[in-house]
4 protein chains.
Amino acid sequence: MTRIAIIGAGRIGQVHARAVLAHPQAELALVCDPFEANARSLAEAHGVAWCLDAAEVFASDDVDAVIIGSPTRFHVDHILAAVAAGKKVLCEKPVALELSEAERCLRELGENTDVMMGFNRRFDPTFSEIHHRVADGEIGDVQQLIVVSRDPAAPPAEYVAGSGGIFKDMTIHDFDMVRFFLGDIVEVVAIGTNVDEAIAAQGDFDQVIVTLKSAEGRMATIINSRTCSFGYDQRLEAFGSEGTLSADNLTATAVRKASGNQTEAKSRVMDFFLDRYVDAYRLELDAFLTAVADGSPMSPSVRDGYEALRLADAATISAHEGRIVSL
Amino acid sequence: MTRIAIIGAGRIGQVHARAVLAHPQAELALVCDPFEANARSLAEAHGVAWCLDAAEVFASDDVDAVIIGSPTRFHVDHILAAVAAGKKVLCEKPVALELSEAERCLRELGENTDVMMGFNRRFDPTFSEIHHRVADGEIGDVQQLIVVSRDPAAPPAEYVAGSGGIFKDMTIHDFDMVRFFLGDIVEVVAIGTNVDEAIAAQGDFDQVIVTLKSAEGRMATIINSRTCSFGYDQRLEAFGSEGTLSADNLTATAVRKASGNQTEAKSRVMDFFLDRYVDAYRLELDAFLTAVADGSPMSPSVRDGYEALRLADAATISAHEGRIVSL
Amino acid sequence: MTRIAIIGAGRIGQVHARAVLAHPQAELALVCDPFEANARSLAEAHGVAWCLDAAEVFASDDVDAVIIGSPTRFHVDHILAAVAAGKKVLCEKPVALELSEAERCLRELGENTDVMMGFNRRFDPTFSEIHHRVADGEIGDVQQLIVVSRDPAAPPAEYVAGSGGIFKDMTIHDFDMVRFFLGDIVEVVAIGTNVDEAIAAQGDFDQVIVTLKSAEGRMATIINSRTCSFGYDQRLEAFGSEGTLSADNLTATAVRKASGNQTEAKSRVMDFFLDRYVDAYRLELDAFLTAVADGSPMSPSVRDGYEALRLADAATISAHEGRIVSL
Amino acid sequence: MTRIAIIGAGRIGQVHARAVLAHPQAELALVCDPFEANARSLAEAHGVAWCLDAAEVFASDDVDAVIIGSPTRFHVDHILAAVAAGKKVLCEKPVALELSEAERCLRELGENTDVMMGFNRRFDPTFSEIHHRVADGEIGDVQQLIVVSRDPAAPPAEYVAGSGGIFKDMTIHDFDMVRFFLGDIVEVVAIGTNVDEAIAAQGDFDQVIVTLKSAEGRMATIINSRTCSFGYDQRLEAFGSEGTLSADNLTATAVRKASGNQTEAKSRVMDFFLDRYVDAYRLELDAFLTAVADGSPMSPSVRDGYEALRLADAATISAHEGRIVSL
């Protein structure tokens, strides 16, 4: 039984809390949030202890592992303090908003492999099945990767303002997915546009297309939009020398309809990330707990977090300066 | 080059005329219809000769083969006269409305194999591919067959009146399809209902479900409706010991749509039998011409026509008398 | 919080136990099974009390509701005793193996509506969505219902021997589904065959097709097989005057593959009933708890259980005597 | 009846000849090819006249319209000579290999609108249906366009050598498709790689991804590969503010298969461009003949051909120089 503390009792912290409570090898031991109302309400809902100061988490003997869901600017400090205290760590993405901060994290961690980055989509059953089948050689060499990732609705302008921009906030997941399939990237080019004026007013894009070339000469394209009328559009195609594996969108049921002017119409695409990725969060926690139990190196690692952030940085430069960026 | 005469210049005769005109090994030589306007208009559209009396067709030295699209009550006489004159014959289904008439045809034909019955669906590329793959053993033994066959709209009441009833007029195609996959049938049970009052008023059904057991102990179910709101519903599932092969409906294009409350909605199912089966008519003619050229036995044969009619008769008895009929 | 006892700690009892433990409004209070090993192991896994005699369950003040998963021959006695003790009841299907026993249950229950029958498929999200949309009038009047229900593999011969035959054991679910959509049935005809010699040797069928006509003149066909090479085949089509709603099979993921000789190939159909219907069991329990809380009449009711059994009886007679059975 | 001459009796000339012969409003009047064997064999197959010198075509009084399928380096001269002789013209893509040559064509044509460029994919029923529905406002504003275009197998190295490179030879169709949906383009960036060493040896790419931004601020991505293991991969997605319309690949039949480890597997994607686009060539000719009959301006026009070539040029520069190109 791994005793887990959650730092950050906001939306994502609650997601992790539910996964922890449902997992037979995990125990929710402590909830930490500087806002007492947050900490107290999540903790009391499940009858566990709470605190306001993360230092208490790291100092606690009743905590084996920490899930970090605090604001991004605290991630590196929390990671390093947790590791220093001998805790295992699962940290939400991105590892930092500034690349230099991510570099500091990597440098100070050195050989330590006790930190897992929360790229939950790697654990989504559909994407994960594709990855396994690719690894088994079922479609030969992967030559092209297409990632379509569109959110149902744009976040509030104030959230966007503090998000570090679309590449660090949204595309970061897709950058990790590209690396998951194609390995390290040497070339990035991004083009952005706006259909949302509030986002445009902040100097950020709400639609981007990013093209990447890998060290092994393979290519990927990422298509993002902050809004999507038909739900949470999350698809992927891995094109290989001997076949293609692709991920359809998920729907809540398997109902289809034929009527006057159409046929095979399926029920609406899931439109909330928690519904869409509920299994991914569960399986991510499961992989984390397995690594805790085994003492094996965590994956995805802080280096994976750093590399995704580097791609986000490169894409930001590319889109704003109008040039291809080599890495 | 096979010189072809068409007897019956109505809708189905016109379908065959177009197929003949488009086929490189066929030549439309003569059009025959007792209604001069019909004969003349079809013939003149293509610059060929016409006549009113079928006897002229059989007597003509310029005709190698005859396509019979006359009213069903003339089929047997036309078949026998054509064969007597040494012509090859492609005859529309059903071979007759009365089983005794079909028996007479079989008896008088004896060993002659120059007559092909127009069960065009056997030549539909989709159904035909399933049949070939089944024959290749791809799904092991076929154990169950499901045939869904629904027309977009009911025919006029006067047509229904002279049609011999739904089993002889509509289900006849499905009976042949069941025999195509499962061979001879030993048990038939049919249940019928009405949603169309005009058809009910004539003592006919407009929706039927027929269950059949084959001599080899395999089962089939046929689901028919005279009306279907979403088009011409023509599907089939062959369930085998090692897999299932099924036929989706055809659509005019491969467009799909995702929108507010649905996804993967495909364009409307084709709703006119000539659009749906245009390839089937073409390939049926092609098979006929190949058999003419080879002198090989025609298939489907008059016996196939007779057996389908026997099933229609059995189903009619079953549905009207409320009992299972053994053959 | 509803305190629940489970009678019968076998496979289905364990399914219900997991659903109870995961439900926020339910509490597992007691486990009962005459085999001590069964009772003890399920109870101790969750730290609850256990007993060997169902009478203790009914007598307990710590039990509000009972889930009956005992062998079918005990169902009616357990239902009646539980109700007499003022408990709410969720009982597995079928209500009994003998119609007379089901009639006794109905008679003795009288006006009592505290018993829900475990026709879990009514609560499957896909089937349930179709039912809701039909009820909303989305496809007009339902005119035809096609239910395809095939198990991945036949049960052991000894299980089949005590099962009451395929119609009471397997088709019973489909009979309830037909009644769920079409209401009461007035005509049944069933044809059966065998591909499994062990089942044939017991005088039971392993493949059946059943056709039914409803009191309102609508028709249904049920296609069953005890074996299915591609998984647990659970589909349904509700054909209405203004459209068709159908249920695809469920797959574990949304992966598709295109390769040398095929395209759009989806991952294997789920092949275990607990995976396929895990949501159905959860939502069934939820509906039960809602009715417990509200004091509203349970649905599906014992009458629904009785009517499904009546159809199973009629189908058994039909298939064995070779005749259509009117009800 | 429009009397048509075909210049260039190679593969594409034969495609057009078949379309002309099958069209009721067209007549094949003359075949021209400098290689006598080519000219003679196509002409004699259909019993029409032939010549070796294009000048004879332009001078003929028996020719109303010319279809130009000669090598690309002759396109502009043939277009201008035909127009000077008062003929209507349907010219294969690309209009030229050099942009300056295409500019000359535009300049010399001036106000003349009698020339249609052979961007056949605009007439493909699936793509064309999407275009119509977009034009009808069915999905609001088109914001993103994804074009996947992969050939089943790479052409011979000698063909590639004279093709002008992948962007002018293959992507040219996709550039036109992007303009068809998004209008004029202001920014292009292309990245290329190789999986085919023979093509790499010629300094050309065999896989490219191109991203484009339109004058109206909308984006497109084109994914190309010279090889594709599963057939001729031709898909498109138009993502709009109120929905998405997408084009599936076409298959020869509507057969699906479920078996041990997969379900819904559809028959192989069509793998030959003539099968895939047979309807497009037919409908392209039909549109051409309609414009001939009406005297209306041809579309797609030479300007469309010029713009597509400009994009191909820009993409070539972008991929080889590693920079974004503004237009």
# chains A, B, ... in the order shown; residues from 1 in each chain; ligands from 1

call {"tool": "select_by_dssp", "arguments": {"residues": "segment 65-267 of chain D", "states": "alpha helix (DSSP H)", "output": "MDAnalysis selection string"}}
result
chainID D and resid 75:84 99:109 125:135 157:161 166:169 171:182 197:201

call {"tool": "interface_residues", "arguments": {"of": "chain A", "to": "chain B", "cutoff": "10 Å", "atoms": "only C-alpha atoms", "output": "PyMOL selection string"}}
result
chain A and resi 228-231+248-251+256-269

call {"tool": "residues_around", "arguments": {"residues": "Asp114 of chain C", "least_positions_apart": "5", "cutoff": "7 Å", "atoms": "only C-alpha atoms", "output": "PyMOL selection string"}}
result
chain C and resi 88-89+297-298

call {"tool": "write_last_selection", "arguments": {"atoms": "C-alpha atoms", "output": "mmCIF file, in the first residue's frame"}}
result
data_model
loop_
_atom_site.group_PDB
_atom_site.id
_atom_site.type_symbol
_atom_site.label_atom_id
_atom_site.label_comp_id
_atom_site.auth_asym_id
_atom_site.auth_seq_id
_atom_site.Cartn_x
_atom_site.Cartn_y
_atom_site.Cartn_z
ATOM 1 C CA LYS C 88 -36.142 -4.614 -0.902
ATOM 2 C CA VAL C 89 -34.968 -7.192 -3.432
ATOM 3 C CA PRO C 297 -42.152 0.509 -7.816
ATOM 4 C CA MET C 298 -39.240 -1.576 -9.054
#

call {"tool": "residues_around", "arguments": {"residues": "Gly10 of chain C", "least_positions_apart": "3", "cutoff": "8 Å", "atoms": "only C-alpha atoms", "output": "VMD selection string"}}
result
chain C and resid 13 to 14 38 69

call {"tool": "write_last_selection", "arguments": {"atoms": "all heavy atoms", "output": "CSV table (one decimal), in the first residue's frame"}}
result
chain,number,residue,atom,x,y,z
C,13,GLY,N,-22.6,-13.1,-7.7
C,13,GLY,CA,-22.6,-12.5,-6.4
C,13,GLY,C,-21.4,-11.5,-6.3
C,13,GLY,O,-21.5,-10.4,-5.7
C,14,GLN,N,-20.3,-12.0,-6.8
C,14,GLN,CA,-19.1,-11.2,-6.7
C,14,GLN,C,-19.2,-9.9,-7.6
C,14,GLN,O,-18.7,-8.8,-7.2
C,14,GLN,CB,-17.9,-12.0,-7.1
C,14,GLN,CG,-17.5,-13.1,-6.1
C,14,GLN,CD,-16.6,-14.2,-6.7
C,14,GLN,OE1,-15.8,-13.9,-7.5
C,14,GLN,NE2,-16.7,-15.4,-6.2
C,38,ASN,N,-17.0,-20.0,0.2
C,38,ASN,CA,-17.5,-18.9,-0.7
C,38,ASN,C,-17.9,-17.7,0.1
C,38,ASN,O,-17.5,-16.6,-0.2
C,38,ASN,CB,-18.8,-19.4,-1.5
C,38,ASN,CG,-18.5,-20.3,-2.6
C,38,ASN,OD1,-17.3,-20.6,-2.8
C,38,ASN,ND2,-19.5,-20.7,-3.4
C,69,GLY,N,-28.5,-13.9,-5.7
C,69,GLY,CA,-27.7,-14.5,-6.7
C,69,GLY,C,-27.5,-16.0,-6.5
C,69,GLY,O,-26.6,-16.6,-6.9

call {"tool": "residues_around", "arguments": {"residues": "Tyr281 of chain A", "least_positions_apart": "2", "cutoff": "9 Å", "atoms": "only C-alpha atoms", "output": "MDAnalysis selection string"}}
result
chainID A and resid 15:16 19 118 120:121 123:124 274 277:279 283:286

call {"tool": "write_last_selection", "arguments": {"atoms": "all heavy atoms", "output": "compact mmCIF listing (two decimals), in the first residue's frame"}}
result
# COMPACT_ATOMS: atom_id res chain seq x y z
N VAL A 15 -9.04 15.03 -9.51
CA VAL A 15 -8.99 13.89 -10.43
C VAL A 15 -8.06 12.81 -9.87
O VAL A 15 -8.41 11.63 -9.80
CB VAL A 15 -8.48 14.34 -11.82
CG1 VAL A 15 -8.21 13.13 -12.72
CG2 VAL A 15 -9.45 15.31 -12.47
N HIS A 16 -6.88 13.25 -9.44
CA HIS A 16 -5.93 12.28 -8.90
C HIS A 16 -6.44 11.66 -7.60
O HIS A 16 -6.24 10.48 -7.35
CB HIS A 16 -4.57 12.95 -8.68
CG HIS A 16 -3.84 13.24 -9.95
ND1 HIS A 16 -3.41 12.25 -10.80
CD2 HIS A 16 -3.45 14.41 -10.53
CE1 HIS A 16 -2.79 12.78 -11.85
NE2 HIS A 16 -2.80 14.10 -11.71
N ALA A 19 -8.69 8.84 -8.37
CA ALA A 19 -7.95 7.67 -8.86
C ALA A 19 -7.27 6.95 -7.70
O ALA A 19 -7.27 5.71 -7.63
CB ALA A 19 -6.92 8.10 -9.92
N GLY A 118 3.31 13.76 -15.57
CA GLY A 118 1.91 13.38 -15.79
C GLY A 118 1.43 13.54 -17.23
O GLY A 118 0.43 14.22 -17.45
N ASN A 120 -0.54 12.02 -19.17
CA ASN A 120 -1.54 10.96 -19.01
C ASN A 120 -1.92 10.29 -20.32
O ASN A 120 -2.30 9.13 -20.34
CB ASN A 120 -2.80 11.53 -18.34
CG ASN A 120 -3.43 12.64 -19.15
OD1 ASN A 120 -2.78 13.65 -19.45
ND2 ASN A 120 -4.68 12.48 -19.55
N ARG A 121 -1.80 11.02 -21.45
CA ARG A 121 -2.28 10.43 -22.71
C ARG A 121 -1.48 9.20 -23.13
O ARG A 121 -1.97 8.38 -23.88
CB ARG A 121 -2.26 11.48 -23.82
CG ARG A 121 -3.28 12.56 -23.52
CD ARG A 121 -3.39 13.56 -24.63
NE ARG A 121 -4.09 14.74 -24.13
CZ ARG A 121 -4.28 15.84 -24.82
NH1 ARG A 121 -3.82 15.93 -26.06
NH2 ARG A 121 -4.93 16.87 -24.30
N PHE A 123 -1.01 6.85 -21.40
CA PHE A 123 -1.67 5.72 -20.73
C PHE A 123 -3.10 5.50 -21.21
O PHE A 123 -3.74 4.55 -20.78
CB PHE A 123 -1.62 5.93 -19.21
CG PHE A 123 -0.21 6.04 -18.70
CD1 PHE A 123 0.38 7.30 -18.53
CD2 PHE A 123 0.54 4.90 -18.47
CE1 PHE A 123 1.69 7.41 -18.10
CE2 PHE A 123 1.85 5.01 -18.04
CZ PHE A 123 2.44 6.26 -17.85
N ASP A 124 -3.57 6.38 -22.06
CA ASP A 124 -4.89 6.18 -22.64
C ASP A 124 -4.90 4.82 -23.35
O ASP A 124 -4.00 4.52 -24.15
CB ASP A 124 -5.18 7.30 -23.65
CG ASP A 124 -6.45 7.04 -24.43
OD1 ASP A 124 -7.53 7.16 -23.83
OD2 ASP A 124 -6.36 6.68 -25.63
N LEU A 274 -12.13 14.85 -18.59
CA LEU A 274 -12.13 13.85 -17.52
C LEU A 274 -12.86 12.58 -17.94
O LEU A 274 -12.48 11.47 -17.59
CB LEU A 274 -12.74 14.42 -16.25
CG LEU A 274 -11.84 15.46 -15.59
CD1 LEU A 274 -12.46 15.93 -14.28
CD2 LEU A 274 -10.44 14.91 -15.35
N TYR A 277 -10.49 10.93 -20.64
CA TYR A 277 -9.23 10.37 -20.18
C TYR A 277 -9.32 9.73 -18.79
O TYR A 277 -8.29 9.56 -18.13
CB TYR A 277 -8.13 11.44 -20.23
CG TYR A 277 -7.67 11.71 -21.65
CD1 TYR A 277 -7.79 12.96 -22.24
CD2 TYR A 277 -7.11 10.68 -22.41
CE1 TYR A 277 -7.36 13.19 -23.55
CE2 TYR A 277 -6.68 10.90 -23.72
CZ TYR A 277 -6.81 12.15 -24.28
OH TYR A 277 -6.39 12.36 -25.56
N VAL A 278 -10.52 9.38 -18.36
CA VAL A 278 -10.65 8.79 -17.03
C VAL A 278 -9.80 7.52 -16.89
O VAL A 278 -9.14 7.30 -15.87
CB VAL A 278 -12.14 8.55 -16.67
CG1 VAL A 278 -12.77 7.52 -17.58
CG2 VAL A 278 -12.29 8.14 -15.21
N ASP A 279 -9.79 6.70 -17.94
CA ASP A 279 -8.97 5.49 -17.88
C ASP A 279 -7.48 5.82 -17.90
O ASP A 279 -6.68 5.13 -17.27
CB ASP A 279 -9.29 4.57 -19.06
CG ASP A 279 -10.64 3.90 -18.90
OD1 ASP A 279 -11.05 3.66 -17.75
OD2 ASP A 279 -11.28 3.61 -19.93
N LEU A 283 -4.79 4.50 -15.26
CA LEU A 283 -3.67 3.65 -15.66
C LEU A 283 -2.33 4.34 -15.44
O LEU A 283 -1.32 3.69 -15.20
CB LEU A 283 -3.84 3.24 -17.13
CG LEU A 283 -5.05 2.32 -17.35
CD1 LEU A 283 -5.41 2.25 -18.84
CD2 LEU A 283 -4.76 0.93 -16.80
N GLU A 284 -2.33 5.67 -15.51
CA GLU A 284 -1.13 6.43 -15.19
C GLU A 284 -0.76 6.19 -13.72
O GLU A 284 0.40 5.89 -13.40
CB GLU A 284 -1.39 7.93 -15.42
CG GLU A 284 -0.26 8.84 -15.03
CD GLU A 284 -0.67 10.32 -15.17
OE1 GLU A 284 -1.50 10.80 -14.36
OE2 GLU A 284 -0.17 10.97 -16.10
N LEU A 285 -1.76 6.30 -12.85
CA LEU A 285 -1.50 6.06 -11.43
C LEU A 285 -1.02 4.63 -11.22
O LEU A 285 -0.10 4.36 -10.44
CB LEU A 285 -2.79 6.30 -10.62
CG LEU A 285 -2.64 6.02 -9.12
CD1 LEU A 285 -1.67 7.02 -8.48
CD2 LEU A 285 -3.99 6.07 -8.41
N ASP A 286 -1.62 3.71 -11.95
CA ASP A 286 -1.24 2.31 -11.82
C ASP A 286 0.23 2.11 -12.21
O ASP A 286 0.98 1.39 -11.54
CB ASP A 286 -2.15 1.47 -12.72
CG ASP A 286 -2.08 0.02 -12.38
OD1 ASP A 286 -2.52 -0.34 -11.27
OD2 ASP A 286 -1.57 -0.76 -13.21

call {"tool": "residues_around", "arguments": {"residues": "Ser246 of chain C", "least_positions_apart": "6", "cutoff": "9 Å", "atoms": "only C-alpha atoms", "output": "VMD selection string"}}
result
(chain A and resid 254 to 258 264) or (chain C and resid 126 to 127 130 235 to 239)

call {"tool": "write_last_selection", "arguments": {"atoms": "all heavy atoms", "output": "short mmCIF file (atom, residue, chain, number, x, y, z; two decimals), in the first residue's frame"}}
result
data_model
loop_
_atom_site.label_atom_id
_atom_site.label_comp_id
_atom_site.auth_asym_id
_atom_site.auth_seq_id
_atom_site.Cartn_x
_atom_site.Cartn_y
_atom_site.Cartn_z
N ALA A 254 -22.36 3.02 -28.12
CA ALA A 254 -22.12 2.48 -29.46
C ALA A 254 -23.38 2.54 -30.32
O ALA A 254 -23.60 1.71 -31.17
CB ALA A 254 -21.61 1.05 -29.33
N VAL A 255 -24.20 3.57 -30.09
CA VAL A 255 -25.44 3.70 -30.85
C VAL A 255 -25.15 4.37 -32.20
O VAL A 255 -24.39 5.33 -32.28
CB VAL A 255 -26.47 4.56 -30.08
CG1 VAL A 255 -27.75 4.72 -30.89
CG2 VAL A 255 -26.76 3.95 -28.72
N ARG A 256 -25.80 3.86 -33.24
CA ARG A 256 -25.76 4.49 -34.56
C ARG A 256 -27.19 4.70 -35.06
O ARG A 256 -28.09 3.99 -34.65
CB ARG A 256 -25.00 3.62 -35.57
CG ARG A 256 -23.51 3.52 -35.26
CD ARG A 256 -22.72 3.13 -36.49
NE ARG A 256 -21.32 2.93 -36.18
CZ ARG A 256 -20.36 3.86 -36.38
NH1 ARG A 256 -20.67 5.03 -36.89
NH2 ARG A 256 -19.10 3.61 -36.08
N LYS A 257 -27.33 5.67 -35.94
CA LYS A 257 -28.66 5.98 -36.46
C LYS A 257 -28.65 6.15 -37.96
O LYS A 257 -27.74 6.76 -38.53
CB LYS A 257 -29.16 7.29 -35.82
CG LYS A 257 -30.58 7.66 -36.26
CD LYS A 257 -31.04 8.96 -35.64
CE LYS A 257 -32.45 9.30 -36.08
NZ LYS A 257 -32.86 10.62 -35.60
N ALA A 258 -29.67 5.59 -38.61
CA ALA A 258 -29.91 5.88 -40.02
C ALA A 258 -31.24 6.58 -40.11
O ALA A 258 -32.21 6.16 -39.46
CB ALA A 258 -29.95 4.59 -40.83
N GLU A 264 -25.42 5.64 -40.29
CA GLU A 264 -24.28 5.34 -39.43
C GLU A 264 -23.89 6.49 -38.49
O GLU A 264 -22.76 6.54 -38.01
CB GLU A 264 -23.04 4.93 -40.26
CG GLU A 264 -23.30 3.67 -41.09
CD GLU A 264 -22.09 3.23 -41.90
OE1 GLU A 264 -20.95 3.60 -41.58
OE2 GLU A 264 -22.30 2.48 -42.88
N THR C 126 -25.65 1.64 -23.99
CA THR C 126 -25.98 1.66 -25.42
C THR C 126 -27.44 1.27 -25.66
O THR C 126 -28.19 1.98 -26.34
CB THR C 126 -25.02 0.74 -26.19
OG1 THR C 126 -23.70 1.30 -26.13
CG2 THR C 126 -25.43 0.58 -27.65
N PHE C 127 -27.87 0.15 -25.08
CA PHE C 127 -29.26 -0.27 -25.27
C PHE C 127 -30.21 0.74 -24.63
O PHE C 127 -31.29 1.04 -25.15
CB PHE C 127 -29.49 -1.66 -24.67
CG PHE C 127 -28.66 -2.74 -25.32
CD1 PHE C 127 -28.24 -3.86 -24.61
CD2 PHE C 127 -28.28 -2.64 -26.66
CE1 PHE C 127 -27.48 -4.85 -25.21
CE2 PHE C 127 -27.51 -3.63 -27.27
CZ PHE C 127 -27.11 -4.74 -26.54
N ILE C 130 -30.74 3.76 -26.75
CA ILE C 130 -31.69 3.49 -27.84
C ILE C 130 -33.12 3.52 -27.30
O ILE C 130 -34.01 4.12 -27.91
CB ILE C 130 -31.38 2.12 -28.50
CG1 ILE C 130 -30.02 2.20 -29.21
CG2 ILE C 130 -32.48 1.72 -29.47
CD1 ILE C 130 -29.57 0.90 -29.85
N ARG C 235 -25.70 -7.21 -30.26
CA ARG C 235 -26.18 -6.10 -31.07
C ARG C 235 -27.70 -6.05 -31.10
O ARG C 235 -28.36 -7.02 -30.74
CB ARG C 235 -25.65 -6.24 -32.50
CG ARG C 235 -24.15 -5.94 -32.60
CD ARG C 235 -23.63 -6.23 -33.99
NE ARG C 235 -23.62 -7.66 -34.23
CZ ARG C 235 -23.74 -8.24 -35.42
NH1 ARG C 235 -23.91 -7.49 -36.50
NH2 ARG C 235 -23.72 -9.55 -35.55
N LEU C 236 -28.19 -4.94 -31.56
CA LEU C 236 -29.63 -4.72 -31.54
C LEU C 236 -29.97 -3.67 -32.59
O LEU C 236 -29.18 -2.74 -32.80
CB LEU C 236 -29.99 -4.21 -30.15
CG LEU C 236 -31.40 -3.91 -29.77
CD1 LEU C 236 -31.55 -4.12 -28.25
CD2 LEU C 236 -31.80 -2.49 -30.10
N GLU C 237 -31.07 -3.85 -33.27
CA GLU C 237 -31.52 -2.82 -34.20
C GLU C 237 -33.00 -2.58 -34.00
O GLU C 237 -33.81 -3.50 -34.09
CB GLU C 237 -31.25 -3.26 -35.65
CG GLU C 237 -31.84 -2.30 -36.67
CD GLU C 237 -31.60 -2.71 -38.11
OE1 GLU C 237 -30.61 -3.43 -38.38
OE2 GLU C 237 -32.43 -2.34 -38.97
N ALA C 238 -33.34 -1.33 -33.72
CA ALA C 238 -34.75 -0.94 -33.60
C ALA C 238 -35.10 -0.16 -34.86
O ALA C 238 -34.60 0.95 -35.07
CB ALA C 238 -34.97 -0.09 -32.36
N PHE C 239 -35.92 -0.78 -35.70
CA PHE C 239 -36.30 -0.18 -36.98
C PHE C 239 -37.63 0.53 -36.82
O PHE C 239 -38.65 -0.10 -36.49
CB PHE C 239 -36.41 -1.29 -38.03
CG PHE C 239 -36.96 -0.85 -39.36
CD1 PHE C 239 -36.17 -0.16 -40.26
CD2 PHE C 239 -38.29 -1.12 -39.70
CE1 PHE C 239 -36.68 0.25 -41.50
CE2 PHE C 239 -38.80 -0.73 -40.94
CZ PHE C 239 -38.00 -0.04 -41.84
#

call {"tool": "closest_residue", "arguments": {"among": "D:Met170, D:Cys105, D:Ala37, D:Ala252", "to": "Glu129 of chain B", "atoms": "only C-alpha atoms"}}
result
D:Ala252

call {"tool": "select_by_dssp", "arguments": {"residues": "segment 29-152 of chain B", "states": "strand (DSSP E or B)", "output": "PyMOL selection string"}}
result
chain B and resi 29-32+49-51+65-68+88-92+115-118+142-150

call {"tool": "residues_around", "arguments": {"residues": "segment 209-212 of chain C", "least_positions_apart": "4", "cutoff": "8 Å", "atoms": "only C-alpha atoms", "output": "PyMOL selection string"}}
result
(chain B and resi 191+209+211+219+221) or (chain C and resi 185-192+219-224+315)

call {"tool": "closest_residue", "arguments": {"among": "B:Ala215, B:Ala293, B:Ile199, B:Ile4", "to": "Arg179 of chain B", "atoms": "only C-alpha atoms"}}
result
B:Ala215

call {"tool": "closest_residue", "arguments": {"among": "B:Gln234, B:Ser60, B:Ser128, B:Thr227", "to": "Ala153 of chain B", "atoms": "only C-alpha atoms"}}
result
B:Thr227
